[in-house]
Each structure stands twice: as C-alpha cells, then as structure tokens.
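What follows is a set of notes on a single structure, which appears directly below.
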Amino acid sequence: MSFLTGFLVHLPSVLAGMLLIHQILPGNQPSRLVFKLGLGAGLGLGATSLLYFILLLITNSLSGYIFIPITLLGIGLYLTWHNRIQNPIFPTIYSLTKLQKYLLAAFCLLVLTSLGSFMIHALMNSHGGFDAWMIYNRIARFFYRGGINWQNAFSQDIYWQFHADYPLLLPLNLAGAWQTLGTENMRAAQAHGAYIFIGLVSLLIGAVAILRTTGQSLLASIVLLGTPIYVYESPREAADLTLAFFILATVACLIIYHREQNANFLFLAGLASSFGAWTKNEGLLFALISAAACFFLLNKNRRLPKILFYITGLLPLILVLYFKYFLAPSNDLFSSQADLLARITDSQRYITIFQEFIDHFVWFGRSNISIPIILLGYMLILKSHLSSKDSPAVVICAILLTTQFLGYFSIYILTPHNLDWHLRTSLARLIMHLYPAALLLYFASLSDPEPVFTK
Amino acid sequence: MVSYNMLMYKKLAIIGLVIVFTGINFRHLSQTAQGWNSDFIADDMVTHWDKRMQPLQSNLPINTTMIGYVGDWDVLPENEYHYAGEETEYILTQYALAPIIVQRSDEHEWVIANLTPKAYDIWITTQPKDIEIIEYGLRIFLVHNP
C-alpha cells in the first residue's frame, strides 16, 4: 500500500509536466511523445519542488504541497483538451521494421529485469542508500518534523558531512509528499527515483529517435538499461540520478533546437539546467557551463537574440541563488582555504586524480565488463555517421560535458578533505551525471542499425 | 568482398551489443537476487537504528533543539575503533533524531554516548560526578548534565 501511495503522490507532478510540455512542443509522432513523456517527468517534479519552496517562503508552512501539482495538472488538462484538434496527444500510427521489433523485444525484456532489480533494492533498503539518509531524507525529516522551524535544516551547527547546503529539489518533494500522506512514507522517495529513471530512459529514447532512427534509440536505451549503476541508484533516493536526468535534458534540448530552430527547446534547456542547479551543487557548475555552450551555439548560428528564451528558462536560478546566499550554510569544499596553494601546486594530487579518473571511467557502471571499452569497440566497427547539420551542436555539447568533467577534476584538486576518501566516495557518481548525455551524443553520431540489416 | 565483410562485422557488432548489455543486466539482477533477505523489508539497518533511538528520543524534553554525541572515535586512539562504523552510527543517530541537531561534543545538557565498555570506562572518568546516565542497552547511553 505504501508503494502505491508513494507513487500516486508524485503522479500529478509527472502528468502535469508531460501535458504542459506537450503544449510547448506540439507534435504527436511516437518519438516526440516519448521525448515529452520523459522530459515532463523530470521537469514536472522540478517545477513542483521549486513552487513549493516559494510557497514555503511565503507561508512558512509545509501545508499545501499537493495543490501545486494538482493546479498544474488542471492547467495541463485544460490546455490539452482545448488544443486537442490542432495538437492531438494520441500518437500517430507507426509500423516497426523486423529489426526494430526485435530491438523493442530486447528493450522490453530489459525493462522487466530492471524492474526486478529495482524492486529488490527498494524492498531491502526502504531508507535508501548512505547519501539518502545522510543528506536528502534527513533534510526532509528536518522539514516535516520541524514544521515552522524548517530552517533549522540549514543550521551552522550541523556537522559539515551532512551537507546542509545542498539544494532542495529532492528533500522538498519528499517532505511535501509526507505532508500530503500524513506519514513518513519512504516509498515516496523511491517512487521519485523511479519516475526520474523512467524519465531518463524515455528522454534518451525520444531524443535519439528524433535525431536518428527508432532502432538507434532502442539500442541507446538497451545500453542505458544494461549499465547497472542506474537501476541500482534509482531506489537509493540520492540526487545523482536526478542531476543526470537534467544534464541529459539540457543537452537533448540544445541539439534538437539546433536541428529544428524551435526556440521553445532553448527555454526548456534553460529550465532543465536550472532544475539541475536545484538538485545538486554540481548542477550550479553545469548551469554556468551550459549557458556558455548555448551562447556559442547561438552565436555560431547568428541567432544570438534567441538566447532570451534560454535566459527565461534560467529564471528559477534566482531562487537557487537566494537559497544559497540567504539560507544555506557555507559549502565545506570552499570553507577551508588553508593550504590551498599547496594543494594546487602538488603534482602528486594531479597524478592520483588522473589515475582514479581513468580507473573509474574504464570500470564505470557496476559491471565486471568494461562498458566504455565495449562502446569504443562498437564505435570503431559502426563508424561515425554524424550529419553536418547536427555536428556543431554535438561538438559544442561534447565540449560542454568535457568541461563539466574538468570542473569535477578541479574540485578534487581543491578539496580540503582526504583526497582518497573523497575520490572513493564520489567519483563514480560524478561520472554517472554525464554518462546518459554522453550516450546521446554517442548514438547521435554513429551509423544507424536499420541500413545495416536492409542491405 | 571487403564491404560484405564489413557489413557482417556491423551486423555482429549490433547483435553483440544487445547480447552483452542484456547479459550485464541479467547478471546484475541475478547478483541482486542472491543478496535478497526478506528480514530487511521490515527491519533494515536504518529502520533498526530508528527503533533503537525511539525510547531515547522520548526521554528528551520536547523543545530540545540540540544535543551532544560521543562515540569511541572521541575517546579511543585511532587504531582501536573502526572509523567507518563510528561515522555510520553517528549519521544514523542524526537521521533518527532529526530535527534535533546532534553535535559531536559532550558539552551539552543532553548527550548521547555510544561507547564500547573500554571507551565508556575511559570517558566516564572525565565526566563530572553529578551527571545522570540512562542506559538503553547495546552501548547506547543518554547523559544528562544538570
């Protein structure tokens, strides 16, 4: 029963996100609907969390959470009904080739096995993983149990390791769900992770299908589902999967914008990157870098004025910055500047971090087989087939992800904590942020499977 | 002939990619299923710690906002405690008692002492004589400094 209520409490946010995005991005081709389904799941949950934060600041009360997604859902339903003739929501009929049917069957099989893994992890770890009860669920408890004293969650007296400065997308959605259900239902946190995971897979399928073919999109989803760390992390109630979702959403919207020149994609890219900043501190770095990437992309197209759409999408960042400057305690990484110069000039640190990056990258994914090496081999055989119209956007987004990766490298150089401990406890999850977006670029650049099987 | 071979390699690569990633996914399910323990559904480590902290929490005054915490890592030399275990139990305690802030210090009116017998014997010698101690079993004590 708690599983059911945990899923139901977030459902209005997810549905509202899908329906509202359907109004912003018309089209009922199956690939577009799958894309909007995925994008809507994350953006709906992100919007609900941010609006709840505004409500909390205004009323200083936790009540009223559920009215936010219900109102958004009402608006979405009204607009969908009102525009049903010119913007139908039911998919156009689309027949699959024999190869696509086989790939779809493999995908469905992986969905079932992933569901099995998810359920086992979820049932055995109702409070999630270490980070969940150290950070996100703990902050949610401070909110839910603390009531009007919810700001105690950001007390300077809280030990640094609890990361009281982390952004609030997850804790607010969880506290709001508990407030709605009247109990600390831990399944609500796992349902949040499940919706984000479904959104991540749908978003990747939809984006690759829009840019390439159905077969290519199914291959991409098989690789994502076959990378166990994602199904392992989704019920663990931490924010890394959510950030991976928003990074993928930003990159997908930027590339599709470049292909179609529909400025609403820029707005959604800005929105996704600002929700990333509302999810984790690393998201703030990504919002900054992705804004620069958007600038270069538009400048190259001589469409710089369109950046206003992206900036409009970034407006939620104002709330994130408000939170960081007026509520959150200082970040542990930057609070201790002692020995900073020594850390920066210590060449051994660079070597250690580089070696760990290589090791974690090669063995990324919680698999006994090196997934990146398999993908490298596949790329060498299938070869690149990037269309000239997509290549500027794909290259700029590849630079964006590389810069984010270098940003993570710099954090390890600067960290005042024990370097081995810091690398051991966080590096795999940092790679996890970028992998789905990297998969999108990878499959958007390779030859499609369909022509291979029709020759 | 070369292009025919290349086509065959491409077909094999696509089929291979699907098989390998399906295999990895199945292996993960199998490993996860091997770790299955139905006892954890109702009583995993975190739930268990929550339950241990409940009677202690009920003995704290209602308006308590901050308490102290001492563990073996505050008393014993570094080689005589397991850091990860100490850290986990401290974090679990904070999680269980939220929204009360649990600080790593014994300079509070109320202090949780999570100490092995050896650490307890050392720690108690450093404390004032008039403190009140309630024992909850399994190394957990609630200390009141009047």
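To be explicit about the labels: the chains of the structure tokens are called A, B, and onward in the order shown, and within each one the residues are counted from 1, while ligands get numbers from 1 in the order they are shown.
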Per-residue nearest contacts of chain A to chain B (7 Å; only C-alpha atoms) as a tab-separated table:
residue	atom	partner	partner_atom	distance
A:Leu110	CA	B:Thr22	CA	6.5
A:Thr113	CA	B:Leu29	CA	6.5
A:Gly116	CA	B:Leu29	CA	6.9
A:Ser117	CA	B:Leu29	CA	5.1
A:Ile120	CA	B:Trp36	CA	6.9
A:Leu123	CA	B:Ile41	CA	5.4
A:Met124	CA	B:Phe40	CA	5.0
A:Asn125	CA	B:Asp44	CA	6.4
A:His127	CA	B:Val46	CA	6.7
A:Trp133	CA	B:Tyr95	CA	6.2
A:Met134	CA	B:Ile91	CA	6.1
A:Arg138	CA	B:Tyr95	CA	5.3
A:Arg141	CA	B:Ala98	CA	6.0
A:Phe142	CA	B:Pro99	CA	4.4
A:Arg145	CA	B:Pro99	CA	6.2
A:Gly146	CA	B:Pro99	CA	5.6
A:Ile158	CA	B:Ile101	CA	6.4
A:Tyr159	CA	B:Gln103	CA	6.8
A:Ile222	CA	B:Phe21	CA	6.7
A:Val223	CA	B:Phe21	CA	5.9
A:Gly226	CA	B:Phe21	CA	4.5
A:Pro228	CA	B:Asn25	CA	6.3
A:Ser367	CA	B:Ile24	CA	6.8
A:Tyr378	CA	B:Ala13	CA	6.1
A:Ile381	CA	B:Lys10	CA	6.1
A:Leu382	CA	B:Lys10	CA	5.8
A:Val452	CA	B:Leu7	CA	6.5
A:Phe453	CA	B:Lys11	CA	6.9
List every residue of chain B that DSSP, applied to the backbone of this structure, assigns to strand (DSSP E or B), and report them as a PyMOL selection string. chain B and resi 66-71+101-103+110-114+132-137+140-144
What does the file look like for those residues with N, CA and C atoms, as a PDB file, in the first residue's frame?
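After the write, selection-v9.pdb holds the following:
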ATOM      1  N   MET B  66      19.063  20.797  20.271  1.00  0.00           N
ATOM      2  CA  MET B  66      20.432  20.351  20.007  1.00  0.00           C
ATOM      3  C   MET B  66      20.933  19.483  21.157  1.00  0.00           C
ATOM      4  N   ILE B  67      21.589  18.393  20.810  1.00  0.00           N
ATOM      5  CA  ILE B  67      22.196  17.546  21.837  1.00  0.00           C
ATOM      6  C   ILE B  67      23.621  17.198  21.418  1.00  0.00           C
ATOM      7  N   GLY B  68      24.366  16.618  22.345  1.00  0.00           N
ATOM      8  CA  GLY B  68      25.735  16.217  22.029  1.00  0.00           C
ATOM      9  C   GLY B  68      25.814  14.735  21.702  1.00  0.00           C
ATOM     10  N   TYR B  69      26.976  14.329  21.202  1.00  0.00           N
ATOM     11  CA  TYR B  69      27.176  12.927  20.844  1.00  0.00           C
ATOM     12  C   TYR B  69      28.650  12.590  21.050  1.00  0.00           C
ATOM     13  N   VAL B  70      28.899  11.500  21.759  1.00  0.00           N
ATOM     14  CA  VAL B  70      30.283  10.994  21.836  1.00  0.00           C
ATOM     15  C   VAL B  70      30.293   9.530  21.439  1.00  0.00           C
ATOM     16  N   GLY B  71      31.318   9.149  20.715  1.00  0.00           N
ATOM     17  CA  GLY B  71      31.498   7.755  20.311  1.00  0.00           C
ATOM     18  C   GLY B  71      32.914   7.321  20.619  1.00  0.00           C
ATOM     19  N   ILE B 101      19.369  18.685  16.372  1.00  0.00           N
ATOM     20  CA  ILE B 101      20.731  18.662  15.826  1.00  0.00           C
ATOM     21  C   ILE B 101      21.629  17.883  16.782  1.00  0.00           C
ATOM     22  N   VAL B 102      22.346  16.917  16.227  1.00  0.00           N
ATOM     23  CA  VAL B 102      23.230  16.081  17.050  1.00  0.00           C
ATOM     24  C   VAL B 102      24.668  16.503  16.764  1.00  0.00           C
ATOM     25  N   GLN B 103      25.290  17.147  17.752  1.00  0.00           N
ATOM     26  CA  GLN B 103      26.650  17.675  17.566  1.00  0.00           C
ATOM     27  C   GLN B 103      27.683  16.757  18.187  1.00  0.00           C
ATOM     28  N   TRP B 110      22.191  17.563  27.207  1.00  0.00           N
ATOM     29  CA  TRP B 110      21.878  16.162  26.904  1.00  0.00           C
ATOM     30  C   TRP B 110      22.899  15.637  25.897  1.00  0.00           C
ATOM     31  N   VAL B 111      23.431  14.472  26.199  1.00  0.00           N
ATOM     32  CA  VAL B 111      24.472  13.890  25.331  1.00  0.00           C
ATOM     33  C   VAL B 111      24.172  12.410  25.117  1.00  0.00           C
ATOM     34  N   ILE B 112      24.295  11.970  23.875  1.00  0.00           N
ATOM     35  CA  ILE B 112      24.209  10.529  23.602  1.00  0.00           C
ATOM     36  C   ILE B 112      25.624   9.973  23.636  1.00  0.00           C
ATOM     37  N   ALA B 113      25.817   8.952  24.426  1.00  0.00           N
ATOM     38  CA  ALA B 113      27.118   8.280  24.455  1.00  0.00           C
ATOM     39  C   ALA B 113      26.936   6.903  23.810  1.00  0.00           C
ATOM     40  N   ASN B 114      27.660   6.685  22.732  1.00  0.00           N
ATOM     41  CA  ASN B 114      27.602   5.414  22.005  1.00  0.00           C
ATOM     42  C   ASN B 114      28.985   4.785  22.149  1.00  0.00           C
ATOM     43  N   GLU B 132      23.656  12.423  35.180  1.00  0.00           N
ATOM     44  CA  GLU B 132      22.717  11.289  35.226  1.00  0.00           C
ATOM     45  C   GLU B 132      22.874  10.501  33.936  1.00  0.00           C
ATOM     46  N   ILE B 133      22.892   9.197  34.059  1.00  0.00           N
ATOM     47  CA  ILE B 133      23.070   8.353  32.864  1.00  0.00           C
ATOM     48  C   ILE B 133      21.934   7.333  32.791  1.00  0.00           C
ATOM     49  N   ILE B 134      21.291   7.297  31.624  1.00  0.00           N
ATOM     50  CA  ILE B 134      20.265   6.270  31.386  1.00  0.00           C
ATOM     51  C   ILE B 134      20.827   5.315  30.342  1.00  0.00           C
ATOM     52  N   GLU B 135      20.817   4.021  30.633  1.00  0.00           N
ATOM     53  CA  GLU B 135      21.364   3.046  29.683  1.00  0.00           C
ATOM     54  C   GLU B 135      20.227   2.413  28.891  1.00  0.00           C
ATOM     55  N   TYR B 136      20.437   2.315  27.580  1.00  0.00           N
ATOM     56  CA  TYR B 136      19.401   1.733  26.708  1.00  0.00           C
ATOM     57  C   TYR B 136      19.826   0.381  26.139  1.00  0.00           C
ATOM     58  N   GLY B 137      20.979  -0.101  26.591  1.00  0.00           N
ATOM     59  CA  GLY B 137      21.466  -1.388  26.089  1.00  0.00           C
ATOM     60  C   GLY B 137      22.237  -1.222  24.796  1.00  0.00           C
ATOM     61  N   ILE B 140      24.412   2.090  24.119  1.00  0.00           N
ATOM     62  CA  ILE B 140      23.823   3.424  23.981  1.00  0.00           C
ATOM     63  C   ILE B 140      23.418   3.976  25.351  1.00  0.00           C
ATOM     64  N   PHE B 141      23.864   5.204  25.649  1.00  0.00           N
ATOM     65  CA  PHE B 141      23.538   5.859  26.922  1.00  0.00           C
ATOM     66  C   PHE B 141      23.042   7.285  26.626  1.00  0.00           C
ATOM     67  N   LEU B 142      22.098   7.733  27.448  1.00  0.00           N
ATOM     68  CA  LEU B 142      21.694   9.141  27.384  1.00  0.00           C
ATOM     69  C   LEU B 142      22.219   9.811  28.651  1.00  0.00           C
ATOM     70  N   VAL B 143      23.000  10.847  28.471  1.00  0.00           N
ATOM     71  CA  VAL B 143      23.654  11.505  29.601  1.00  0.00           C
ATOM     72  C   VAL B 143      22.999  12.872  29.817  1.00  0.00           C
ATOM     73  N   HIS B 144      22.659  13.165  31.069  1.00  0.00           N
ATOM     74  CA  HIS B 144      22.094  14.484  31.399  1.00  0.00           C
ATOM     75  C   HIS B 144      23.069  15.236  32.294  1.00  0.00           C
TER      76      HIS B 144
END
Could you name the residues that touch Gln86 of chain A at 12 Å or less, counting only C-alpha atoms, but leaving out those on the same chain fewer than 2 positions away, as a list in words? His22, Gln23, Pro26, Gly27, Asn28, Leu79, Thr80, Trp81, His82, Asn83, Arg84, Pro88, Ile89 and Phe90 of chain A
Keeping C-alpha atoms, export the residues of the selection given above as an mmCIF file, in the first residue's frame.
data_model
loop_
_atom_site.group_PDB
_atom_site.id
_atom_site.type_symbol
_atom_site.label_atom_id
_atom_site.label_comp_id
_atom_site.auth_asym_id
_atom_site.auth_seq_id
_atom_site.Cartn_x
_atom_site.Cartn_y
_atom_site.Cartn_z
ATOM 1 C CA HIS A 22 3.048 18.910 -24.912
ATOM 2 C CA GLN A 23 1.648 22.433 -25.219
ATOM 3 C CA PRO A 26 3.496 20.256 -30.322
ATOM 4 C CA GLY A 27 3.631 17.002 -32.284
ATOM 5 C CA ASN A 28 2.219 13.524 -31.803
ATOM 6 C CA LEU A 79 -4.917 23.162 -22.478
ATOM 7 C CA THR A 80 -4.657 19.622 -23.839
ATOM 8 C CA TRP A 81 -8.434 19.422 -24.217
ATOM 9 C CA HIS A 82 -8.685 22.936 -25.624
ATOM 10 C CA ASN A 83 -5.958 22.318 -28.235
ATOM 11 C CA ARG A 84 -6.863 18.685 -28.958
ATOM 12 C CA PRO A 88 -3.542 15.935 -30.616
ATOM 13 C CA ILE A 89 -1.937 13.890 -27.873
ATOM 14 C CA PHE A 90 -2.698 10.403 -29.166
#
Quick one: residues within 9 Å of Asp332 of chain A, only C-alpha atoms, excluding same-chain residues fewer than 5 positions away - as a list in words? Trp160, Gln161, His163, Asp165, Thr415, Pro416 and His417 of chain A
All helix (DSSP H, G or I) positions in chain B, as a PyMOL selection string: chain B and resi 2-34+39-43+45-58+72-75+78-80+83-97+117-124
Quick one: everything within 8 Å of Ala119 of chain B, counting only C-alpha atoms, minus sequence neighbours fewer than 5 positions away in the same chain. Send it as a short mmCIF file (atom, residue, chain, number, x, y, z; two decimals) with C-alpha atoms, in the first residue's frame.
data_model
loop_
_atom_site.label_atom_id
_atom_site.label_comp_id
_atom_site.auth_asym_id
_atom_site.auth_seq_id
_atom_site.Cartn_x
_atom_site.Cartn_y
_atom_site.Cartn_z
CA ASP B 72 34.57 5.59 20.52
CA VAL B 75 37.80 8.56 23.32
CA LEU B 76 39.99 5.76 21.98
#
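Computed from the coordinates, the atom CA of Asp390 of chain A to atom CA of Leu284 of chain A distance equals 26.7 Å.
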Could you name the residues that touch segment 180-187 of chain A at 9 Å or less, counting only C-alpha atoms, but leaving out those on the same chain fewer than 3 positions away, as a short mmCIF file (atom, residue, chain, number, x, y, z; two decimals) with N, CA and C atoms, in the first residue's frame?
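What landed in out-v3.cif:
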data_model
loop_
_atom_site.label_atom_id
_atom_site.label_comp_id
_atom_site.auth_asym_id
_atom_site.auth_seq_id
_atom_site.Cartn_x
_atom_site.Cartn_y
_atom_site.Cartn_z
N SER A 2 1.95 1.23 0.81
CA SER A 2 2.81 2.43 0.88
C SER A 2 3.51 2.67 -0.46
N PHE A 3 3.78 1.56 -1.22
CA PHE A 3 4.36 1.72 -2.55
C PHE A 3 3.37 2.48 -3.44
N LEU A 4 2.10 2.05 -3.38
CA LEU A 4 1.08 2.65 -4.23
C LEU A 4 0.91 4.14 -3.92
N THR A 5 0.77 4.45 -2.64
CA THR A 5 0.58 5.86 -2.28
C THR A 5 1.84 6.68 -2.58
N GLY A 6 2.99 6.04 -2.40
CA GLY A 6 4.26 6.72 -2.73
C GLY A 6 4.33 7.10 -4.19
N PHE A 7 3.84 6.22 -5.06
CA PHE A 7 3.84 6.53 -6.50
C PHE A 7 2.74 7.53 -6.85
N VAL A 9 1.40 9.89 -5.08
CA VAL A 9 1.56 11.27 -4.59
C VAL A 9 2.40 12.13 -5.57
N SER A 63 2.13 22.99 4.64
CA SER A 63 0.88 22.51 4.04
C SER A 63 0.68 23.11 2.64
N GLY A 64 -0.11 22.41 1.86
CA GLY A 64 -0.46 22.92 0.53
C GLY A 64 0.34 22.34 -0.61
N TYR A 65 1.24 21.38 -0.31
CA TYR A 65 2.10 20.82 -1.37
C TYR A 65 1.29 20.29 -2.55
N ILE A 66 0.31 19.45 -2.25
CA ILE A 66 -0.37 18.72 -3.32
C ILE A 66 -1.17 19.65 -4.25
N ALA A 122 14.76 -1.78 -3.66
CA ALA A 122 13.82 -0.91 -2.95
C ALA A 122 13.30 -1.58 -1.69
N SER A 126 14.60 0.49 2.49
CA SER A 126 13.48 1.44 2.43
C SER A 126 13.95 2.89 2.63
N HIS A 127 15.04 3.08 3.37
CA HIS A 127 15.52 4.46 3.61
C HIS A 127 16.54 4.88 2.56
N GLY A 128 16.78 4.02 1.57
CA GLY A 128 17.71 4.37 0.50
C GLY A 128 19.15 4.12 0.89
N ASN A 137 16.99 12.61 2.73
CA ASN A 137 15.89 12.22 3.61
C ASN A 137 16.02 12.88 4.99
N ARG A 141 13.27 15.16 6.79
CA ARG A 141 12.80 14.95 8.17
C ARG A 141 12.86 16.26 8.96
N TYR A 144 9.73 18.12 7.67
CA TYR A 144 8.44 17.51 8.02
C TYR A 144 8.22 17.50 9.53
N LEU A 174 9.98 15.33 -1.13
CA LEU A 174 9.74 14.25 -0.17
C LEU A 174 8.96 14.76 1.04
N ALA A 175 9.39 15.92 1.58
CA ALA A 175 8.66 16.48 2.73
C ALA A 175 7.22 16.80 2.34
N GLY A 176 7.04 17.32 1.12
CA GLY A 176 5.69 17.63 0.64
C GLY A 176 4.85 16.37 0.50
N ALA A 177 5.47 15.30 0.01
CA ALA A 177 4.75 14.02 -0.13
C ALA A 177 4.34 13.50 1.24
N GLN A 190 11.47 6.58 -3.09
CA GLN A 190 11.83 5.60 -4.11
C GLN A 190 11.00 5.80 -5.38
N ALA A 191 9.75 6.20 -5.20
CA ALA A 191 8.89 6.47 -6.36
C ALA A 191 9.46 7.66 -7.14
N HIS A 192 9.95 8.65 -6.43
CA HIS A 192 10.58 9.82 -7.07
C HIS A 192 11.74 9.35 -7.94
N PRO A 235 16.45 3.41 -6.72
CA PRO A 235 15.71 3.36 -5.44
C PRO A 235 16.54 3.83 -4.25
#
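Neighbours of Ile229 of chain A closer than or equal to 10 Å, with only C-alpha atoms counted and sequence neighbours fewer than 5 positions away skipped, come out as Leu224, Ser234, Leu241, Phe364, Gly365, Arg366, Ser367, Ala428, Arg429 and Met432 of chain A; His28 of chain B.
Computed from the coordinates, the atom CA of Ala293 of chain A to atom CA of Leu434 of chain A distance equals 15.4 Å.
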